[in-house]
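Engineer: mmCIF, C-alpha atoms, file structure39.cif:
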```cif
data_run
loop_
_atom_site.group_PDB
_atom_site.id
_atom_site.type_symbol
_atom_site.label_atom_id
_atom_site.label_comp_id
_atom_site.auth_asym_id
_atom_site.auth_seq_id
_atom_site.Cartn_x
_atom_site.Cartn_y
_atom_site.Cartn_z
ATOM 1 C CA MET A 9 -13.094 -7.004 27.951
ATOM 2 C CA ASN A 10 -13.345 -8.697 24.570
ATOM 3 C CA LYS A 11 -13.696 -5.329 22.873
ATOM 4 C CA ILE A 12 -10.567 -4.063 24.622
ATOM 5 C CA LYS A 13 -8.747 -7.194 23.442
ATOM 6 C CA ASP A 14 -9.998 -6.616 19.873
ATOM 7 C CA ASP A 15 -8.805 -3.000 19.875
ATOM 8 C CA LEU A 16 -5.461 -3.950 21.359
ATOM 9 C CA GLY A 17 -5.217 -6.717 18.782
ATOM 10 C CA SER A 18 -5.757 -4.295 15.888
ATOM 11 C CA LEU A 19 -3.181 -1.897 17.343
ATOM 12 C CA LEU A 20 -0.677 -4.718 17.682
ATOM 13 C CA LEU A 21 -1.428 -5.816 14.121
ATOM 14 C CA ALA A 22 -0.854 -2.278 12.818
ATOM 15 C CA GLU A 23 2.455 -2.095 14.698
ATOM 16 C CA PHE A 24 3.425 -5.540 13.411
ATOM 17 C CA LEU A 25 2.741 -4.445 9.836
ATOM 18 C CA VAL A 26 4.898 -1.346 10.288
ATOM 19 C CA GLN A 27 7.729 -3.444 11.756
ATOM 20 C CA ALA A 28 7.401 -6.250 9.224
ATOM 21 C CA PHE A 29 7.211 -4.098 6.086
ATOM 22 C CA PRO A 30 9.209 -0.954 6.838
ATOM 23 C CA GLY A 31 10.033 -0.537 3.157
ATOM 24 C CA ASP A 32 6.391 -0.489 2.156
ATOM 25 C CA LEU A 33 4.880 1.475 4.982
ATOM 26 C CA SER A 34 7.541 3.927 6.086
ATOM 27 C CA SER A 35 6.789 7.383 4.671
ATOM 28 C CA ASN A 36 10.464 8.406 4.843
ATOM 29 C CA HIS A 37 11.368 5.487 2.634
ATOM 30 C CA LYS A 38 8.560 6.326 0.207
ATOM 31 C CA ALA A 39 9.597 9.984 0.002
ATOM 32 C CA SER A 40 13.243 9.129 -0.619
ATOM 33 C CA ALA A 41 12.245 6.544 -3.246
ATOM 34 C CA ALA A 42 10.101 9.201 -4.969
ATOM 35 C CA THR A 43 13.038 11.654 -4.858
ATOM 36 C CA LEU A 44 15.342 9.064 -6.409
ATOM 37 C CA ARG A 45 12.800 8.410 -9.164
ATOM 38 C CA LEU A 46 12.497 12.146 -9.809
ATOM 39 C CA ALA A 47 16.267 12.390 -10.246
ATOM 40 C CA GLU A 48 16.134 9.531 -12.786
ATOM 41 C CA GLU A 49 13.245 11.166 -14.650
ATOM 42 C CA LEU A 50 15.062 14.511 -14.829
ATOM 43 C CA ASP A 51 18.120 12.664 -16.119
ATOM 44 C CA ALA A 52 15.961 11.066 -18.833
ATOM 45 C CA ILE A 53 14.721 14.533 -19.875
ATOM 46 C CA ASN A 54 18.305 15.784 -20.027
ATOM 47 C CA ALA A 55 19.188 12.769 -22.189
ATOM 48 C CA MET A 56 16.318 13.659 -24.560
ATOM 49 C CA VAL A 57 17.695 17.212 -24.840
ATOM 50 C CA SER A 58 21.182 15.861 -25.575
ATOM 51 C CA ALA A 59 19.739 13.535 -28.230
ATOM 52 C CA GLY A 60 17.982 16.482 -29.869
ATOM 53 C CA GLU A 61 14.496 15.072 -29.181
ATOM 54 C CA LEU A 62 13.586 18.106 -27.054
ATOM 55 C CA SER A 63 14.475 21.780 -27.216
ATOM 56 C CA GLU A 64 15.569 23.509 -24.004
ATOM 57 C CA GLU A 65 12.233 25.383 -23.894
ATOM 58 C CA GLN A 66 10.293 22.106 -24.114
ATOM 59 C CA ALA A 67 12.566 20.490 -21.530
ATOM 60 C CA VAL A 68 11.791 23.235 -18.991
ATOM 61 C CA ILE A 69 8.062 22.436 -19.259
ATOM 62 C CA HIS A 70 8.680 18.666 -19.065
ATOM 63 C CA ARG A 71 10.734 19.204 -15.906
ATOM 64 C CA GLN A 72 7.964 21.348 -14.435
ATOM 65 C CA LEU A 73 5.433 18.580 -15.121
ATOM 66 C CA ARG A 74 7.668 16.023 -13.389
ATOM 67 C CA LEU A 75 8.108 18.330 -10.409
ATOM 68 C CA ASN A 76 4.333 18.789 -10.141
ATOM 69 C CA ALA A 77 3.827 15.006 -10.159
ATOM 70 C CA PHE A 78 6.531 14.649 -7.500
ATOM 71 C CA LYS A 79 4.888 17.270 -5.252
ATOM 72 C CA MET A 80 1.531 15.484 -5.648
ATOM 73 C CA LYS A 81 3.188 12.214 -4.577
ATOM 74 C CA LEU A 82 4.611 13.884 -1.459
ATOM 75 C CA LEU A 83 1.194 15.339 -0.613
ATOM 76 C CA ALA A 84 -0.363 11.867 -0.992
ATOM 77 C CA ILE A 85 2.264 10.365 1.317
ATOM 78 C CA GLU A 86 1.571 13.100 3.904
ATOM 79 C CA GLY A 87 -2.196 12.527 3.671
ATOM 80 C CA VAL A 88 -1.946 8.738 3.974
ATOM 81 C CA ASP A 89 0.331 9.202 7.010
ATOM 82 C CA ASP A 90 -2.191 11.565 8.603
ATOM 83 C CA ILE A 91 -4.999 9.064 8.051
ATOM 84 C CA ALA A 92 -2.896 6.247 9.557
ATOM 85 C CA LEU A 93 -2.088 8.439 12.572
ATOM 86 C CA GLU A 94 -5.746 9.345 12.972
ATOM 87 C CA ARG A 95 -6.671 5.653 12.900
ATOM 88 C CA THR A 96 -4.003 4.739 15.458
ATOM 89 C CA LEU A 97 -5.002 7.549 17.827
ATOM 90 C CA ASP A 98 -8.643 6.623 17.435
ATOM 91 C CA GLY A 99 -7.815 3.003 18.302
ATOM 92 C CA MET A 100 -5.799 4.065 21.356
ATOM 93 C CA GLY A 101 -8.577 6.367 22.470
ATOM 94 C CA LYS A 102 -11.104 3.532 22.205
ATOM 95 C CA VAL A 103 -8.912 1.197 24.268
ATOM 96 C CA ILE A 104 -8.438 3.815 26.992
ATOM 97 C CA ARG A 105 -12.122 4.827 27.027
ATOM 98 C CA ARG A 106 -13.289 1.215 27.267
ATOM 99 C CA PHE A 107 -10.713 0.413 29.941
ATOM 100 C CA TYR A 108 -11.959 3.255 32.114
ATOM 101 C CA GLY A 109 -15.593 2.836 31.040
ATOM 102 C CA ILE A 110 -15.793 6.458 29.839
ATOM 103 C CA MET B 26 -2.084 -1.901 41.531
ATOM 104 C CA ILE B 27 0.391 -0.407 39.104
ATOM 105 C CA ILE B 28 -2.521 0.790 36.987
ATOM 106 C CA PHE B 29 -4.012 2.630 39.972
ATOM 107 C CA ARG B 30 -0.636 4.139 40.845
ATOM 108 C CA TYR B 31 -0.307 5.559 37.329
ATOM 109 C CA HIS B 32 -4.011 6.289 36.971
ATOM 110 C CA PHE B 33 -3.612 10.060 36.695
ATOM 111 C CA PHE B 34 -0.685 9.771 34.339
ATOM 112 C CA ILE B 35 -2.658 7.431 32.016
ATOM 113 C CA VAL B 36 -5.708 9.739 32.036
ATOM 114 C CA PHE B 37 -3.420 12.732 31.371
ATOM 115 C CA MET B 38 -1.735 10.945 28.455
ATOM 116 C CA ALA B 39 -5.116 9.856 27.078
ATOM 117 C CA ASN B 40 -6.306 13.463 27.125
ATOM 118 C CA ILE B 41 -3.131 14.634 25.403
ATOM 119 C CA LEU B 42 -3.538 11.965 22.720
ATOM 120 C CA LEU B 43 -7.189 12.760 22.159
ATOM 121 C CA LEU B 44 -6.507 16.494 22.002
ATOM 122 C CA SER B 45 -3.571 16.046 19.660
ATOM 123 C CA SER B 46 -5.621 13.775 17.412
ATOM 124 C CA CYS B 47 -8.175 16.568 17.116
ATOM 125 C CA SER B 48 -5.673 19.295 16.312
ATOM 126 C CA LEU B 49 -3.013 17.497 14.258
ATOM 127 C CA VAL B 50 -5.036 15.075 12.175
ATOM 128 C CA ALA B 51 -7.657 16.819 10.127
ATOM 129 C CA ILE B 52 -8.447 15.168 6.830
ATOM 130 C CA SER B 53 -11.756 15.566 5.033
ATOM 131 C CA PRO B 54 -13.941 12.498 4.478
ATOM 132 C CA TYR B 55 -13.957 10.482 1.244
ATOM 133 C CA ASP B 56 -15.785 12.211 -1.618
ATOM 134 C CA SER B 57 -17.176 9.724 -4.152
ATOM 135 C CA SER B 58 -18.124 12.491 -6.649
ATOM 136 C CA ALA B 59 -14.544 13.779 -6.681
ATOM 137 C CA ASP B 60 -13.239 10.223 -7.077
ATOM 138 C CA LYS B 61 -15.507 9.659 -10.119
ATOM 139 C CA ALA B 62 -14.687 13.061 -11.661
ATOM 140 C CA ILE B 63 -10.929 12.486 -11.264
ATOM 141 C CA THR B 64 -11.201 8.993 -12.781
ATOM 142 C CA LYS B 65 -13.204 10.420 -15.709
ATOM 143 C CA LEU B 66 -10.648 13.187 -16.268
ATOM 144 C CA HIS B 67 -7.854 10.612 -16.197
ATOM 145 C CA LYS B 68 -9.673 8.576 -18.873
ATOM 146 C CA GLN B 69 -10.068 11.680 -21.085
ATOM 147 C CA THR B 70 -6.389 12.506 -20.655
ATOM 148 C CA ALA B 71 -5.299 8.949 -21.472
ATOM 149 C CA GLU B 72 -7.478 9.039 -24.616
ATOM 150 C CA PHE B 73 -5.836 12.327 -25.609
ATOM 151 C CA PHE B 74 -2.356 10.823 -25.227
ATOM 152 C CA ALA B 75 -3.354 7.672 -27.113
ATOM 153 C CA GLU B 76 -4.628 9.849 -29.976
ATOM 154 C CA SER B 77 -1.530 12.081 -29.867
ATOM 155 C CA ALA B 78 0.741 9.032 -30.079
ATOM 156 C CA THR B 79 -0.821 8.004 -33.397
ATOM 157 C CA ALA B 80 -1.392 11.446 -34.962
ATOM 158 C CA THR B 81 2.060 12.923 -35.550
ATOM 159 C CA ASP B 82 1.317 14.873 -38.752
ATOM 160 C CA GLU B 83 -0.133 18.392 -39.105
ATOM 161 C CA PRO B 84 -2.892 19.492 -38.702
ATOM 162 C CA GLY B 85 -4.215 16.477 -36.733
ATOM 163 C CA CYS B 86 -1.475 16.745 -34.130
ATOM 164 C CA GLY B 87 -1.639 20.536 -33.647
ATOM 165 C CA TYR B 88 -2.826 22.424 -30.588
ATOM 166 C CA SER B 89 -5.846 23.928 -32.377
ATOM 167 C CA HIS B 90 -7.056 20.436 -33.346
ATOM 168 C CA HIS B 91 -7.223 19.472 -29.638
ATOM 169 C CA LEU B 92 -8.704 22.692 -28.324
ATOM 170 C CA SER B 93 -11.844 20.926 -27.042
ATOM 171 C CA PHE B 94 -9.695 18.636 -24.862
ATOM 172 C CA TYR B 95 -7.977 21.617 -23.232
ATOM 173 C CA GLN B 96 -11.279 23.417 -22.687
ATOM 174 C CA ASN B 97 -12.941 20.320 -21.198
ATOM 175 C CA SER B 98 -10.039 19.616 -18.883
ATOM 176 C CA LYS B 99 -10.014 23.257 -17.744
ATOM 177 C CA VAL B 100 -13.737 23.088 -16.947
ATOM 178 C CA SER B 101 -13.337 19.749 -15.130
ATOM 179 C CA MET B 102 -10.423 21.092 -13.080
ATOM 180 C CA SER B 103 -12.369 24.200 -12.162
ATOM 181 C CA SER B 104 -15.362 22.232 -10.876
ATOM 182 C CA LEU B 105 -13.112 19.782 -9.021
ATOM 183 C CA LEU B 106 -11.274 22.656 -7.333
ATOM 184 C CA VAL B 107 -14.469 24.448 -6.339
ATOM 185 C CA ARG B 108 -15.839 21.247 -4.779
ATOM 186 C CA ALA B 109 -12.544 20.417 -3.034
ATOM 187 C CA ARG B 110 -12.197 23.944 -1.616
ATOM 188 C CA ALA B 111 -15.762 23.808 -0.289
ATOM 189 C CA MET B 112 -14.898 20.815 1.932
ATOM 190 C CA ALA B 113 -13.343 21.432 5.326
ATOM 191 C CA ASP B 114 -9.855 20.091 6.100
ATOM 192 C CA ASN B 115 -9.197 19.289 2.475
ATOM 193 C CA ASN B 116 -5.980 21.300 2.016
ATOM 194 C CA LEU B 117 -3.868 18.412 0.755
ATOM 195 C CA THR B 118 -6.338 17.465 -1.988
ATOM 196 C CA VAL B 119 -6.773 21.145 -2.931
ATOM 197 C CA SER B 120 -2.987 21.519 -3.278
ATOM 198 C CA GLN B 121 -2.822 18.373 -5.414
ATOM 199 C CA LEU B 122 -5.606 19.636 -7.693
ATOM 200 C CA GLU B 123 -3.949 23.054 -8.016
ATOM 201 C CA LEU B 124 -0.759 21.311 -9.138
ATOM 202 C CA LEU B 125 -2.728 19.193 -11.632
ATOM 203 C CA SER B 126 -4.406 22.320 -12.968
ATOM 204 C CA SER B 127 -0.974 23.897 -13.406
ATOM 205 C CA SER B 128 0.158 20.714 -15.220
ATOM 206 C CA TYR B 129 -2.691 21.069 -17.735
ATOM 207 C CA ALA B 130 -1.653 24.697 -18.343
ATOM 208 C CA ASN B 131 1.932 23.480 -18.895
ATOM 209 C CA LEU B 132 0.699 20.795 -21.272
ATOM 210 C CA ALA B 133 -1.192 23.377 -23.349
ATOM 211 C CA GLN B 134 1.878 25.644 -23.368
ATOM 212 C CA LEU B 135 4.043 22.736 -24.554
ATOM 213 C CA HIS B 136 1.545 21.793 -27.269
ATOM 214 C CA GLN B 137 1.522 25.385 -28.560
ATOM 215 C CA LEU B 138 5.261 25.020 -29.193
ATOM 216 C CA GLY B 139 4.579 22.189 -31.664
ATOM 217 C CA CYS B 140 3.296 18.672 -32.172
ATOM 218 C CA PHE B 141 4.349 16.006 -29.662
ATOM 219 C CA SER B 142 6.845 13.366 -30.730
ATOM 220 C CA PRO B 143 6.124 9.754 -29.647
ATOM 221 C CA ALA B 144 8.923 10.038 -27.048
ATOM 222 C CA GLN B 145 7.354 13.221 -25.685
ATOM 223 C CA VAL B 146 3.901 11.614 -25.515
ATOM 224 C CA ASN B 147 5.384 8.726 -23.579
ATOM 225 C CA GLU B 148 7.075 11.125 -21.151
ATOM 226 C CA LEU B 149 3.919 13.213 -20.689
ATOM 227 C CA TRP B 150 1.659 10.192 -20.265
ATOM 228 C CA THR B 151 3.903 8.787 -17.510
ATOM 229 C CA SER B 152 3.989 12.154 -15.778
ATOM 230 C CA PHE B 153 0.197 12.583 -15.825
ATOM 231 C CA ASP B 154 -0.368 8.964 -14.752
ATOM 232 C CA ALA B 155 1.884 9.566 -11.737
ATOM 233 C CA SER B 156 -0.091 12.721 -10.882
ATOM 234 C CA PHE B 157 -3.472 10.987 -11.108
ATOM 235 C CA SER B 158 -2.175 8.014 -9.109
ATOM 236 C CA ALA B 159 -1.092 10.337 -6.300
ATOM 237 C CA ILE B 160 -4.478 12.107 -6.188
ATOM 238 C CA LEU B 161 -6.448 8.852 -6.258
ATOM 239 C CA LYS B 162 -4.140 7.287 -3.674
ATOM 240 C CA LEU B 163 -5.049 9.977 -1.163
ATOM 241 C CA GLU B 164 -8.749 9.909 -2.069
ATOM 242 C CA LEU B 165 -8.931 6.113 -1.722
ATOM 243 C CA ALA B 166 -6.975 6.206 1.546
ATOM 244 C CA LYS B 167 -9.749 8.447 2.899
ATOM 245 C CA ARG B 168 -12.199 5.682 2.026
ATOM 246 C CA TYR B 169 -10.324 2.496 2.944
ATOM 247 C CA GLY B 170 -7.810 3.823 5.466
ATOM 248 C CA ARG B 171 -10.494 4.591 8.018
#
```
In structure tokens, how does this file's structure come out?

Structural biologist:
Amino acid sequence: MNKIKDDLGSLLLAEFLVQAFPGDLSSNHKASAATLRLAEELDAINAMVSAGELSEEQAVIHRQLRLNAFKMKLLAIEGVDDIALERTLDGMGKVIRRFYGI
Amino acid sequence: MIIFRYHFFIVFMANILLLSSCSLVAISPYDSSADKAITKLHKQTAEFFAESATATDEPGCGYSHHLSFYQNSKVSMSSLLVRARAMADNNLTVSQLELLSSSYANLAQLHQLGCFSPAQVNELWTSFDASFSAILKLELAKRYGR
């Protein structure tokens, strides 16, 4: 019974964290924040081209590098979400198995 | 009593959840060797940018002067990719490493166009730091997220 309580407690804690810090833990928020940052970074590259610090050919490669970094960020967000889901499902499975003594 | 009334429903839902957890969530375990190799590669790259920021005159700043860096990073990326591809359920990390490999190719291409200005170095350094952070974030989540 104590184990069931512990598992339920950790599930409730995880849910509490999600509810309490939606800005930090929500993947949608993280993805949109990363998109916003990408837009700012691309703007900065455009500003460098306008200022004559970069040629158009160089700017294309800089943009490509920024896009690669952005895609890597999205992949990390997806992976962290998958791990969190795996942990939650594992916790739920444990609670159910212990409850039914499976 | 309510629990007994919904007994079959709860067991059915539990099975669905367990089955879905098997099919939907498939992430490889933490790989300490990959973590160390990525951290080492990041250090080499940061050293390259630090050197590039100070050396702005030919021939010290030219592509040919830094050929060993490009060769080393290519070798490191190749071994990281081979190891990552050998692990099951590691598609996300493999995709990240493929993108990083492509970034190194882009960096070499950019360097062949001419020496980097301090503003360019700053831009490139930030971009590569963001890439390494994303890769390490996922790798460390495999370790501490479980």

Engineer: Considering only C-alpha atoms, state which residue in the set B:Val119, B:Ala59, B:Lys99, B:Cys140 is at the smallest distance from Glu83 of chain B.

Structural biologist: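 Smallest distance to Glu83 of chain B is found for B:Cys140.
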
Engineer: Please tell me which residues are no farther than 12 Å from (5.5, 10.3, -13.6) in the file, counting all atoms listed in the file, and write them as a PyMOL selection string.

Structural biologist: (chain A and resi 42-43+45-50+52-53+70-81) or (chain B and resi 128+147-159)

Engineer: Mind dumping the selected residues with C-alpha atoms as a short mmCIF file (atom, residue, chain, number, x, y, z; two decimals), keeping the file's coordinate frame?

Structural biologist:
```cif
data_model
loop_
_atom_site.label_atom_id
_atom_site.label_comp_id
_atom_site.auth_asym_id
_atom_site.auth_seq_id
_atom_site.Cartn_x
_atom_site.Cartn_y
_atom_site.Cartn_z
CA ALA A 42 10.10 9.20 -4.97
CA THR A 43 13.04 11.65 -4.86
CA ARG A 45 12.80 8.41 -9.16
CA LEU A 46 12.50 12.15 -9.81
CA ALA A 47 16.27 12.39 -10.25
CA GLU A 48 16.13 9.53 -12.79
CA GLU A 49 13.24 11.17 -14.65
CA LEU A 50 15.06 14.51 -14.83
CA ALA A 52 15.96 11.07 -18.83
CA ILE A 53 14.72 14.53 -19.88
CA HIS A 70 8.68 18.67 -19.07
CA ARG A 71 10.73 19.20 -15.91
CA GLN A 72 7.96 21.35 -14.44
CA LEU A 73 5.43 18.58 -15.12
CA ARG A 74 7.67 16.02 -13.39
CA LEU A 75 8.11 18.33 -10.41
CA ASN A 76 4.33 18.79 -10.14
CA ALA A 77 3.83 15.01 -10.16
CA PHE A 78 6.53 14.65 -7.50
CA LYS A 79 4.89 17.27 -5.25
CA MET A 80 1.53 15.48 -5.65
CA LYS A 81 3.19 12.21 -4.58
CA SER B 128 0.16 20.71 -15.22
CA ASN B 147 5.38 8.73 -23.58
CA GLU B 148 7.08 11.12 -21.15
CA LEU B 149 3.92 13.21 -20.69
CA TRP B 150 1.66 10.19 -20.26
CA THR B 151 3.90 8.79 -17.51
CA SER B 152 3.99 12.15 -15.78
CA PHE B 153 0.20 12.58 -15.82
CA ASP B 154 -0.37 8.96 -14.75
CA ALA B 155 1.88 9.57 -11.74
CA SER B 156 -0.09 12.72 -10.88
CA PHE B 157 -3.47 10.99 -11.11
CA SER B 158 -2.17 8.01 -9.11
CA ALA B 159 -1.09 10.34 -6.30
#
```

Engineer: Restricting the calculation to all atoms listed in the file, which member of B:Ser89, B:Gln145, B:Leu122, B:Ala51 is positioned closest to Ile63 of chain B?

Structural biologist: B:Leu122

Engineer: Run through the PyMOL selection byres ((chain A) within 7 of (chain B)) on the given coordinates and return the selected residues as a ChimeraX atom specification.

Structural biologist: /A:66,69,73-74,76-77,80-81,83-84,87-88,90-92,94-95,97,101,104

Engineer: Any idea what the distance is between atom CA of Asp89 of chain A and atom CA of Ala113 of chain B?

Structural biologist: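 Computing it gives 18.4 Å between the two atoms.
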
Engineer: Go through B:Tyr55, B:Ser103, B:Phe94, B:Gly85 and flag the residue nearest Glu72 of chain B, using only C-alpha atoms for the distances.

Structural biologist: B:Phe94

Engineer: Starting from the shown file, work through the PyMOL selection byres ((chain B and resi 91) around 12) and note down what comes out as a list in words.

Structural biologist: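 Output from the PyMOL selection byres ((chain B and resi 91) around 12), applied to this file: Gln69, Thr70, Glu72, Phe73, Phe74, Glu76, Ser77, Ala80, Glu83, Pro84, Gly85, Cys86, Gly87, Tyr88, Ser89, His90, Leu92, Ser93, Phe94, Tyr95, Gln96, Asn97, Ser98, Leu132, Ala133, His136, Gln137 and Cys140 of chain B.
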
Engineer: Output as AutoDock Vina command-line options the centre and edge lengths (Å, one decimal) of the box along x, y and z of the file that holds every listed atom of segment 109-114 of chain B after adding 6 Å on each side.

Structural biologist:
```
--center_x -12.8 --center_y 22.0 --center_z 1.5 --size_x 17.9 --size_y 15.9 --size_z 21.1
```

Engineer: Give me, please, the distance in Å between atom CA of Ser58 of chain B and atom CA of Ile85 of chain A, quoted to one decimal.

Structural biologist: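 So the two atoms, atom CA of Ser58 of chain B and atom CA of Ile85 of chain A, lie 22.0 Å apart.
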
Engineer: Work out how far atom CA of Ser101 of chain B is from atom CA of Lys65 of chain B, in Å to one decimal.

Structural biologist: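 The value is 9.3 Å.
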